[in-house]
Amino acid sequence: MSPGDVGLFVRPPREQGVKWRKRRKARAGLPNLQPGTGFAAEGYCRRRFPTGGGKRYMELATRYEPQEAEAAIYALWLANHCFKATPDSRTPYCITIPPPNVTGALHMGHALNHTVMDTLGRWKRMLGFNVLILPGTDHAGIATQAVVEKKIRAEEKKTRHDLGREAFVEKVWEWKEEYGNKIVSQMQRLGASYDWDRLRFTMDESYVEAIHTVFEKLYTDGYIYIGERMVNWSPGFQSVISDIEIDNREEDGSLWHLRYPYSDGSGHIIVATSRPETMLGDTAVAVSPKDERYKAVLGKTITLPLVGREIPVLADDFVDPAFGTGAVKITPFHDPNDYEMGNRHGLERIEVIGPDAKMTAHAGAYAGLDRFEARKRIVADLEALGLVEKIEPYRHAVPYCDRSGAVIEPRPSSQWFCKMGGTEMVNTSIEVVRDGSIRFLPERYRELYLRWMENIRDWPISRQLWWGHRLPVWRKTDANPEEASSWVFARTKAEAEAKLASPDILQSDDVLDTWFSSALWPFATLGWPHTEADLNYYYPTSLLSTAQEILYLWVARMIMTGELFIGKKPFDDVYIHATVLDEHGRRMSKSKGNGIDPVELIDLYGADALRFALAREAGQRQDIRFKPVKAGKQEQVEQARNFANKIWNASRFVMMNLEGFEPSAAAPTPTTLVDRWILSRLATTVDAVNEGFATYNIDDASRALYEFFWSDFCDWYVEAAKPRFAAGDESAKTVLWFVLERALRLLHPILPHLTETLWQALPGAKEAAGCDFLMQAAFPQDLPYRDEAAEAEWEMVQEITVAIRNVQAVNNLKKGGEAFVAATNPDVLEGNRAIIEFLTRFTLVIGDGPSDGYLQPTRFGDVRLPRPEVTPEELATEKLRIESDLAKIELDLGVLNKRLDDPSFAERAPEAVVTKTRTQHAELLDKQSKLTERLGQLSTPSAQ
RNA sequence: GGACGGUUGGCGCAGCGGUAGCGCGUCUCCCUGACACGGAGAAGGUCACAGGUUCGAUCCCUGUACCGUCCACCA
């Protein structure tokens with residue numbers, strides 16, 4: 001396949017006698033026409049291009065068809081190893097992409113992030129950097145295990161326990177090999193220029209080595225210990241899960257007010273709880289020490305209803321006297337706060353809800369019941385005893401396990417931890433951000449990071465899952481697993497046997513938190529701990545671009561491990577991209593079902609359109625609103641698609657007119673005004689784009705490109721080129737070719753497929769650039785074409801042109817007559833006569849013109865269009881137009897008068913502002929008097 | 001509860017101290033030899049609200065309201 005193959009004619013059949021607008025509306029809902037349906041052969045195309053036969057110029061369809069062009073161009077890049085990166089003498093630029101879950105599918109957040117990374121990567125590559133963008137996927141312990149468990153449950157009616165650990169893990173690997181690379185191919189569809197030969201997976205053999213090496217050091221240096229903490233227990237997985245895997249849902253619940261009788265029979269104390277079933281495990285009631293109401297009852301005991309246990313009433317600062325009744329029941333085993341209070345007061349911990357979320361033997365009569373069933377029974381039994389004071393409706397957050405859907409059960413558990421606060425690892429990670437070695441973009445995230453790091457808590461690193469990196473620690477079978485001293489570090493069983501001097505040993509059943517492995521990503525993917533070449537060259541990497549929600553979980557931990565193991569920061573810049581929200585401004589999520597599938601958008605409009613739509617919003621904002629796909633349409637991407645089509649067609653126009661033109665590598669030296677002007681605008685745009693990319697304001701770069709290409713280049717320059725070609729002016733071709741070629745380079749990082757396709761078809765491009773692909777061409781920088789004089793002079797041509805068009809359109813005049821312009825600078829006008837005449841379809845006459853003509857005063861001279869005959873309707877239209885102009889002028893004059901009438905304005909405002917205001921004032925007065933006079937003429941009968 | 005962000009024409013966004021801009025949508029005209037996924041015009045905004053600073057505020061400061069994101073153990 002070569003890029004030329006995309007040339008096909010596409011044109012809807014002509015339907016005689018039907019209004020165009022109607023047909024357009026009728027067509028609006030239809031899918032884009034597929035090429036190759038033979039319209040050309042049936043004579044529907046308006047224009048025939050030279051076909052085949054060794055012609056130099058490609059045939060291009062009248063519409064850009066991304067579907068096949070993108071696949072073709074991507075295949076071409078791959079075939080030519082364009083994304084491959086190996087160390088050389090150039091400056092490196094490296095991004096290790098945030099590895100998505102192997103189970104994952106591309107979502108809008110990914111699409112945005114990959115657009116950012118690939119755009120910046122392509123830009124840097126064109127600037128001459130040695131760019132490596134290293135892709136990979138994450139084994140994603142819980143997520144993947146959940147998917148495979150679900151699959152075997154559905155297909156084989158088995159649980160993972162039926163299979164056993166080894167067989168189950170085998171199944172997960174099989175699943176990963178078969179389905180795990182879906183997201184990789186989706187990234188490729190976006191156009192990602194990543195080095196796919198280096199694709200990494202967090203459970204690759206070499207990656208496991210990295211994990212072992214890291215674990216060993218942390219273990220021997222005393223970072224890793226066994227401790228007991230309150231953890232988030234997922235009854236669904238029978239495992240600890242991390243905070244990020246929790247989905248806190250606001251729910252309407254109840255607050256039960258329970259009467260707890262004093263043991264001495266002196267009445268009762270009322271406690272409020274949202275979880276009455278935990279009362280079976282209560283070992284105290286706490287009140288605030290400052291709470292006067294309860295001063296007297298401190299030291300009393302309570303006989304716990306239904307259980308009969310005697311428990312104390314004690315004082316603790318944690319209790320807020322203002323909440324509920326000011327008295328709190330304490331269940332140390334089942335509530336994080338109560339756990340802390342229990343430790344403070346040395347309370348017994350009684351487990352009444354087991355790991356499977358069923359009531360334990362300690363629950364007495366309720367043993368074996370599900371926790372929610374137990375709740376109902378307990379409440380009913382308490383009510384029967386008259387111990388329920390009242391039940392209040394209560395809205396609160398309930399934590400759910402986002403993978404299994406079970407309500408999280410907090411419980412103390414013996415887990416492996418990694419020490420954080422106060423350690424060298426954490427301190428250096430704070431320092432490296434504080435001293436500015438690592439930059440955060442947008443900057444506001446810097447403070448967030450520092451604040452979090454300064455209050456960091458120890459990191460629970462063990463999980464009771466089967467899929468993941470099994471902890472490389474072993475013990476003798478009969479040793480106590482909760483004693484740290486029972487364990488030794490060993491990579492292999494043999495090593496462990498030697499260390500423990502026994503064949504009767506076991507490896508820990510636990511698996512490492514997935515974030516433990518992704519924390520090593522920037523260096524483990526570059527060959528550490530074995531090979532140094534890539535690491536020495538590409539590390540520290542240049543950019544880490546990611547979502548704000550994993551700032552702590554991932555970004556902070558990469559900094560820590562990078563500092564500790566490599567002795568260097570893992571990256572220079574951290575860019576936190578915006579969160580993509582739905583049309584109502586809510587986060588897109590699976591549970592809300594408000595997500596948009598980026599692949600659907602690519603199918604609909606092409607990857608480049610999606611990229612541009614995202615790029616134009618990718619700045620320093622915290623969020624981006626994205627509208628849903630409705631009836632096969634998505635506004636934002638459609639607009640971007642239209643832009644892509646505009647680029648396509650403008651390029652097509654240029655190529656059609658370049659027959660016989662021999663481009664050269666030399667930069668043009670413009671002489672005519674319009675050439676000087678467009679080159680000046682190009683130079684400005686080049687600066688804006690480089691600036692935008694360099695400062696992570698890709699939105700600014702995108703807007704600059706859009707405006708330049710559509711407004712300046714297409715609407716003015718290309719239009720102005722037409723009469724020049726008609727007049728045989730060959731000088732236009734050099735500039736036209738040059739501007740288009742440079743524009744394609746500028747646009748390439750954001751719209752890679754489209755621009756490469758066009759560039760491949762642009763004659764002379766490869767020779768001039770000295771490379772075979774646009775993605776390898778030099779990115780434009782510092783073009784010497786800034787020309788303020790040209791921009792100012794061209795403004796005259798534009799304003800006169802607009803004035804003539806405006807009078808013509810508003811008064812609905814026939815084109816083709818004469819347009820008189822009393823120009824302030826007749827030479828400029830004369831020099832651009834052909835252009836103005838072509839753009840307006842009026843013959844330009846420089847001079848005053850008939851006094852009764854249609855009048856439009858401008859800063860560059862009055863424009864008058866003669867009015868040969870006039871109907872009353874036309875007269876009314878003109879009067880209306882002038883009156884509305886006058887009304888606007890009056891409004892504006894009011895503003896200026898107010899300012900000029902104030903003496904302190906002239907005194908205190910800068911002189912330039914005062915002068916400018918006076919000039920504007922004078923111009924408005926002049927315009928006003930001219931229009932008033934004209935209006936007067938219209939109102940006197942003689943004018944007709 | 002804390003932190004952060006937003007509030008500009010019907011919609012999506014720019015502008016961030018000198019009389020409000022773009023695209024879509026709406027209305028009018030137009031297939032004019034690149035493009036109707038287009039061209040030329042038009043209508044449409046007291047820039048959330050209240051104070052303050054300033055000659056002057058959409059823009060700076062303070063507060064309020066609403067929307068939202070992230071973080072967080074208040075029963």
# chains A, B, ... in the order shown; residues from 1 in each chain; ligands from 1
>>> residues_around(residues="region 17-28 of chain B", least_positions_apart="2", cutoff="7 Å", atoms="only C-alpha atoms (C1' of nucleotides)", output="list in words")
Asp892, Val895 and Val913 of chain A; A14, G56, A57 and C59 of chain B
>>> closest_atom_pairs(of="chain B", to="chain A", cutoff="6 Å", atoms="only C-alpha atoms (C1' of nucleotides)", output="JSON lines")
{"residue": "B:G5", "atom": "C1'", "partner": "A:Gln622", "partner_atom": "CA", "distance": 5.8}
{"residue": "B:A34", "atom": "C1'", "partner": "A:Phe653", "partner_atom": "CA", "distance": 4.1}
{"residue": "B:C35", "atom": "C1'", "partner": "A:Asn649", "partner_atom": "CA", "distance": 5.1}
{"residue": "B:C37", "atom": "C1'", "partner": "A:Asn642", "partner_atom": "CA", "distance": 4.6}
{"residue": "B:G41", "atom": "C1'", "partner": "A:Ala809", "partner_atom": "CA", "distance": 5.4}
{"residue": "B:C55", "atom": "C1'", "partner": "A:Phe905", "partner_atom": "CA", "distance": 4.2}
{"residue": "B:C73", "atom": "C1'", "partner": "A:Pro336", "partner_atom": "CA", "distance": 5.6}
{"residue": "B:A75", "atom": "C1'", "partner": "A:Thr273", "partner_atom": "CA", "distance": 5.6}
>>> residues_around(residues="A65 (chain B)", least_positions_apart="2", cutoff="12 Å", atoms="only C-alpha atoms (C1' of nucleotides)", output="list in words")
U7, A48, C49, A50, G63 and C67 of chain B
>>> residues_around(residues="Glu277 (chain A)", least_positions_apart="3", cutoff="10 Å", atoms="only C-alpha atoms (C1' of nucleotides)", output="list in words")
Thr273, Ser274, Leu280, Gly281, Asp282, Val352, Ile353, Met359, Ala363, Tyr366, Arg371, Phe372, Glu373, Ala374, Arg375, Lys376, Arg377, Ile378 and Val379 of chain A
>>> residues_around(residues="Pro460 (chain A)", least_positions_apart="3", cutoff="12 Å", atoms="only C-alpha atoms (C1' of nucleotides)", output="PyMOL selection string")
chain A and resi 223-232+240-243+413-420+457+463-464+510-516+553
>>> atom_distance(atom1="C1' of U69 (chain B)", atom2="CA of Asp247 (chain A)")
14.8 Å
>>> closest_residue(among="A:Lys815, A:His753, A:Arg189, A:Lys476", to="U32 (chain B)", atoms="only C-alpha atoms (C1' of nucleotides)")
A:Lys815
>>> select_by_dssp(residues="region 183-362 of chain A", states="strand (DSSP E or B)", output="ChimeraX atom specification")
/A:200-201,224-234,239-241,246-262,268-273,284-287,301-303,310-315,327-330,353,358-359
>>> decode(residues="region 35-75 of chain B", atoms="N, CA and C atoms (P, O5', C5', C4', C3', O3' and C1' of nucleotides)", output="short mmCIF file (atom, residue, chain, number, x, y, z; two decimals), in the first residue's frame")
data_model
loop_
_atom_site.label_atom_id
_atom_site.label_comp_id
_atom_site.auth_asym_id
_atom_site.auth_seq_id
_atom_site.Cartn_x
_atom_site.Cartn_y
_atom_site.Cartn_z
P C B 35 -13.99 21.40 -4.74
"O5'" C B 35 -14.17 21.20 -3.18
"C5'" C B 35 -13.97 19.91 -2.59
"C4'" C B 35 -13.96 20.06 -1.10
"C3'" C B 35 -15.24 20.65 -0.50
"O3'" C B 35 -16.20 19.63 -0.30
"C1'" C B 35 -13.33 21.69 0.45
P A B 36 -17.62 19.77 -0.80
"O5'" A B 36 -18.39 20.67 0.27
"C5'" A B 36 -18.40 20.33 1.68
"C4'" A B 36 -19.76 20.72 2.24
"C3'" A B 36 -20.91 19.79 1.85
"O3'" A B 36 -21.63 19.40 2.98
"C1'" A B 36 -21.44 22.03 1.32
P C B 37 -21.22 18.14 3.88
"O5'" C B 37 -20.02 18.65 4.80
"C5'" C B 37 -20.25 19.25 6.12
"C4'" C B 37 -18.90 19.46 6.72
"C3'" C B 37 -17.95 20.04 5.70
"O3'" C B 37 -17.67 21.43 5.80
"C1'" C B 37 -17.14 17.93 6.57
P G B 38 -17.27 22.37 6.92
"O5'" G B 38 -16.58 23.49 6.04
"C5'" G B 38 -15.62 23.14 5.07
"C4'" G B 38 -15.84 23.89 3.77
"C3'" G B 38 -16.18 25.36 3.88
"O3'" G B 38 -15.05 26.12 4.22
"C1'" G B 38 -17.55 24.38 2.26
P G B 39 -15.22 27.44 5.09
"O5'" G B 39 -15.77 28.44 3.99
"C5'" G B 39 -14.97 28.78 2.88
"C4'" G B 39 -15.70 29.73 1.99
"C3'" G B 39 -16.30 30.95 2.67
"O3'" G B 39 -15.33 31.94 2.94
"C1'" G B 39 -17.90 30.03 1.22
P A B 40 -15.54 32.95 4.15
"O5'" A B 40 -16.69 33.89 3.58
"C5'" A B 40 -16.43 34.71 2.46
"C4'" A B 40 -17.67 35.51 2.16
"C3'" A B 40 -18.24 36.25 3.36
"O3'" A B 40 -17.52 37.44 3.60
"C1'" A B 40 -19.97 35.14 2.21
P G B 41 -17.55 38.08 5.03
"O5'" G B 41 -19.03 38.65 5.05
"C5'" G B 41 -19.69 38.81 6.27
"C4'" G B 41 -21.13 39.14 5.95
"C3'" G B 41 -21.99 39.26 7.18
"O3'" G B 41 -21.91 40.57 7.69
"C1'" G B 41 -23.00 37.75 5.69
P A B 42 -21.73 40.79 9.26
"O5'" A B 42 -23.21 40.48 9.77
"C5'" A B 42 -24.30 41.21 9.22
"C4'" A B 42 -25.60 40.61 9.69
"C3'" A B 42 -25.74 40.45 11.19
"O3'" A B 42 -26.15 41.66 11.79
"C1'" A B 42 -26.43 38.46 10.12
P A B 43 -25.76 41.98 13.30
"O5'" A B 43 -26.81 41.09 14.10
"C5'" A B 43 -28.21 41.39 14.05
"C4'" A B 43 -28.98 40.25 14.64
"C3'" A B 43 -28.67 39.94 16.09
"O3'" A B 43 -29.40 40.78 16.97
"C1'" A B 43 -28.68 37.95 14.86
P G B 44 -28.68 41.36 18.29
"O5'" G B 44 -28.46 40.05 19.15
"C5'" G B 44 -29.56 39.35 19.73
"C4'" G B 44 -29.07 38.05 20.31
"C3'" G B 44 -28.00 38.20 21.38
"O3'" G B 44 -28.60 38.36 22.66
"C1'" G B 44 -27.33 36.57 19.80
P G B 45 -28.27 39.67 23.53
"O5'" G B 45 -27.05 39.25 24.43
"C5'" G B 45 -27.13 38.12 25.33
"C4'" G B 45 -25.86 38.04 26.11
"C3'" G B 45 -25.52 39.25 26.98
"O3'" G B 45 -26.07 39.04 28.27
"C1'" G B 45 -23.58 38.29 25.92
P U B 46 -26.94 40.23 28.93
"O5'" U B 46 -25.94 41.08 29.86
"C5'" U B 46 -24.85 41.79 29.29
"C4'" U B 46 -24.43 42.86 30.27
"C3'" U B 46 -23.85 42.32 31.59
"O3'" U B 46 -22.50 41.92 31.45
"C1'" U B 46 -25.40 44.02 32.05
P C B 47 -21.77 41.33 32.69
"O5'" C B 47 -21.73 39.84 32.09
"C5'" C B 47 -21.78 38.67 32.89
"C4'" C B 47 -20.67 37.75 32.45
"C3'" C B 47 -19.62 37.51 33.52
"O3'" C B 47 -19.76 36.13 33.89
"C1'" C B 47 -18.64 38.02 31.39
P A B 48 -19.41 35.68 35.36
"O5'" A B 48 -20.83 35.67 36.08
"C5'" A B 48 -21.96 35.12 35.45
"C4'" A B 48 -22.99 34.84 36.53
"C3'" A B 48 -23.07 35.92 37.60
"O3'" A B 48 -23.96 36.95 37.20
"C1'" A B 48 -22.83 33.79 38.62
P C B 49 -23.57 38.50 37.56
"O5'" C B 49 -23.91 38.60 39.12
"C5'" C B 49 -25.22 38.34 39.59
"C4'" C B 49 -25.21 38.27 41.10
"C3'" C B 49 -24.53 39.44 41.79
"O3'" C B 49 -25.40 40.56 41.88
"C1'" C B 49 -23.77 37.44 42.75
P A B 50 -24.75 42.05 41.92
"O5'" A B 50 -24.15 42.11 43.38
"C5'" A B 50 -25.00 42.01 44.50
"C4'" A B 50 -24.19 42.09 45.76
"C3'" A B 50 -23.14 43.19 45.77
"O3'" A B 50 -23.72 44.45 46.06
"C1'" A B 50 -22.16 41.20 46.55
P G B 51 -22.85 45.79 45.84
"O5'" G B 51 -22.03 45.85 47.19
"C5'" G B 51 -20.87 46.62 47.24
"C4'" G B 51 -19.95 46.08 48.29
"C3'" G B 51 -18.55 46.62 48.16
"O3'" G B 51 -18.45 47.90 48.76
"C1'" G B 51 -18.44 44.28 48.28
P G B 52 -17.91 49.10 47.85
"O5'" G B 52 -16.34 48.82 47.86
"C5'" G B 52 -15.67 48.73 49.13
"C4'" G B 52 -14.36 48.02 48.97
"C3'" G B 52 -13.35 48.69 48.04
"O3'" G B 52 -12.72 49.77 48.68
"C1'" G B 52 -13.38 46.36 47.64
P U B 53 -12.21 51.02 47.81
"O5'" U B 53 -10.93 50.41 47.08
"C5'" U B 53 -9.77 50.05 47.83
"C4'" U B 53 -8.72 49.51 46.89
"C3'" U B 53 -8.42 50.40 45.69
"O3'" U B 53 -7.53 51.45 46.03
"C1'" U B 53 -8.70 48.17 44.96
P U B 54 -7.85 52.94 45.56
"O5'" U B 54 -7.68 52.85 43.98
"C5'" U B 54 -6.41 52.57 43.40
"C4'" U B 54 -6.57 52.39 41.92
"C3'" U B 54 -7.28 53.52 41.19
"O3'" U B 54 -6.39 54.59 40.92
"C1'" U B 54 -8.15 51.43 40.47
P C B 55 -6.91 56.07 41.07
"O5'" C B 55 -7.97 56.26 39.90
"C5'" C B 55 -8.85 57.38 39.90
"C4'" C B 55 -9.53 57.48 38.55
"C3'" C B 55 -10.18 56.20 38.07
"O3'" C B 55 -11.48 56.05 38.62
"C1'" C B 55 -8.88 57.12 36.33
P G B 56 -11.86 54.66 39.23
"O5'" G B 56 -11.94 53.76 37.94
"C5'" G B 56 -13.04 53.93 37.04
"C4'" G B 56 -12.80 53.16 35.78
"C3'" G B 56 -12.69 51.65 35.95
"O3'" G B 56 -13.98 51.06 35.97
"C1'" G B 56 -10.93 52.41 34.57
P A B 57 -14.23 49.79 36.87
"O5'" A B 57 -14.83 48.79 35.82
"C5'" A B 57 -14.16 48.25 34.70
"C4'" A B 57 -13.86 46.79 34.89
"C3'" A B 57 -14.75 46.11 35.93
"O3'" A B 57 -15.93 45.51 35.39
"C1'" A B 57 -12.43 45.55 36.22
P U B 58 -16.20 44.78 34.01
"O5'" U B 58 -15.88 43.21 33.97
"C5'" U B 58 -16.73 42.27 34.58
"C4'" U B 58 -16.17 40.89 34.36
"C3'" U B 58 -14.74 40.71 34.86
"O3'" U B 58 -14.74 40.30 36.21
"C1'" U B 58 -14.94 39.88 32.65
P C B 59 -13.63 40.83 37.23
"O5'" C B 59 -12.25 40.34 36.59
"C5'" C B 59 -11.86 38.95 36.58
"C4'" C B 59 -10.64 38.84 35.70
"C3'" C B 59 -9.39 39.46 36.31
"O3'" C B 59 -8.38 38.46 36.40
"C1'" C B 59 -9.77 40.25 34.09
P C B 60 -8.20 37.61 37.74
"O5'" C B 60 -7.56 38.68 38.73
"C5'" C B 60 -6.17 38.97 38.68
"C4'" C B 60 -5.83 39.89 39.83
"C3'" C B 60 -6.56 39.57 41.13
"O3'" C B 60 -5.88 38.57 41.85
"C1'" C B 60 -6.77 41.88 40.67
P C B 61 -6.71 37.57 42.76
"O5'" C B 61 -7.07 38.47 44.04
"C5'" C B 61 -6.04 38.98 44.89
"C4'" C B 61 -6.68 39.77 46.01
"C3'" C B 61 -7.81 39.05 46.73
"O3'" C B 61 -7.31 38.19 47.73
"C1'" C B 61 -8.52 41.23 46.16
P U B 62 -8.13 36.87 48.10
"O5'" U B 62 -9.36 37.46 48.93
"C5'" U B 62 -9.15 38.10 50.19
"C4'" U B 62 -10.47 38.57 50.73
"C3'" U B 62 -11.59 37.54 50.71
"O3'" U B 62 -11.51 36.64 51.80
"C1'" U B 62 -12.42 39.59 49.87
P G B 63 -12.07 35.17 51.59
"O5'" G B 63 -13.64 35.38 51.59
"C5'" G B 63 -14.32 35.74 52.78
"C4'" G B 63 -15.72 36.21 52.47
"C3'" G B 63 -16.65 35.17 51.88
"O3'" G B 63 -17.19 34.31 52.86
"C1'" G B 63 -16.86 37.18 50.67
P U B 64 -17.66 32.84 52.42
"O5'" U B 64 -18.98 33.13 51.58
"C5'" U B 64 -20.14 33.66 52.22
"C4'" U B 64 -21.25 33.85 51.21
"C3'" U B 64 -21.62 32.61 50.41
"O3'" U B 64 -22.48 31.75 51.13
"C1'" U B 64 -21.40 34.44 48.94
P A B 65 -22.39 30.17 50.82
"O5'" A B 65 -23.14 30.06 49.42
"C5'" A B 65 -24.52 30.45 49.33
"C4'" A B 65 -24.94 30.44 47.88
"C3'" A B 65 -24.67 29.15 47.15
"O3'" A B 65 -25.68 28.18 47.40
"C1'" A B 65 -23.94 30.95 45.83
P C B 66 -25.28 26.66 47.60
"O5'" C B 66 -25.17 26.17 46.10
"C5'" C B 66 -26.30 26.21 45.23
"C4'" C B 66 -25.85 26.21 43.80
"C3'" C B 66 -24.98 25.03 43.38
"O3'" C B 66 -25.75 23.86 43.14
"C1'" C B 66 -24.00 27.00 42.58
P C B 67 -25.11 22.42 43.52
"O5'" C B 67 -24.20 22.17 42.24
"C5'" C B 67 -24.73 22.19 40.92
"C4'" C B 67 -23.62 22.07 39.93
"C3'" C B 67 -22.64 20.94 40.20
"O3'" C B 67 -23.13 19.70 39.74
"C1'" C B 67 -21.42 22.91 39.74
P G B 68 -22.76 18.38 40.61
"O5'" G B 68 -21.19 18.23 40.41
"C5'" G B 68 -20.68 17.85 39.16
"C4'" G B 68 -19.20 18.14 39.09
"C3'" G B 68 -18.29 17.25 39.91
"O3'" G B 68 -18.17 15.98 39.33
"C1'" G B 68 -17.51 19.48 39.93
P U B 69 -17.67 14.72 40.22
"O5'" U B 69 -16.10 14.99 40.30
"C5'" U B 69 -15.27 14.74 39.17
"C4'" U B 69 -13.86 15.14 39.50
"C3'" U B 69 -13.23 14.42 40.68
"O3'" U B 69 -12.74 13.15 40.31
"C1'" U B 69 -12.82 16.73 40.89
P C B 70 -12.79 11.98 41.39
"O5'" C B 70 -11.54 12.32 42.30
"C5'" C B 70 -10.22 12.29 41.76
"C4'" C B 70 -9.27 12.95 42.73
"C3'" C B 70 -9.23 12.34 44.13
"O3'" C B 70 -8.43 11.18 44.18
"C1'" C B 70 -9.39 14.68 44.31
P C B 71 -8.85 10.04 45.21
"O5'" C B 71 -8.41 10.64 46.62
"C5'" C B 71 -7.05 10.95 46.89
"C4'" C B 71 -6.95 11.76 48.16
"C3'" C B 71 -7.55 11.14 49.41
"O3'" C B 71 -6.71 10.18 49.99
"C1'" C B 71 -8.24 13.38 49.27
P A B 72 -7.41 8.95 50.70
"O5'" A B 72 -8.08 9.59 52.00
"C5'" A B 72 -7.29 10.36 52.91
"C4'" A B 72 -8.18 10.89 54.02
"C3'" A B 72 -9.19 9.90 54.57
"O3'" A B 72 -8.60 9.00 55.49
"C1'" A B 72 -10.24 11.98 54.23
P C B 73 -9.20 7.55 55.58
"O5'" C B 73 -10.60 7.78 56.30
"C5'" C B 73 -11.59 6.79 56.23
"C4'" C B 73 -12.30 6.68 57.57
"C3'" C B 73 -12.78 8.00 58.13
"O3'" C B 73 -14.06 8.32 57.61
"C1'" C B 73 -11.60 6.84 59.81
P C B 74 -14.48 9.82 57.31
"O5'" C B 74 -15.91 9.97 57.96
"C5'" C B 74 -16.11 10.87 59.05
"C4'" C B 74 -16.09 10.13 60.33
"C3'" C B 74 -17.47 9.86 60.95
"O3'" C B 74 -17.96 8.58 60.58
"C1'" C B 74 -16.14 11.04 62.48
P A B 75 -19.43 8.48 59.98
"O5'" A B 75 -20.21 7.42 60.90
"C5'" A B 75 -20.45 7.69 62.23
"C4'" A B 75 -19.73 6.69 63.06
"C3'" A B 75 -20.62 5.56 63.58
"O3'" A B 75 -19.86 4.37 63.69
"C1'" A B 75 -19.94 6.98 65.38
#
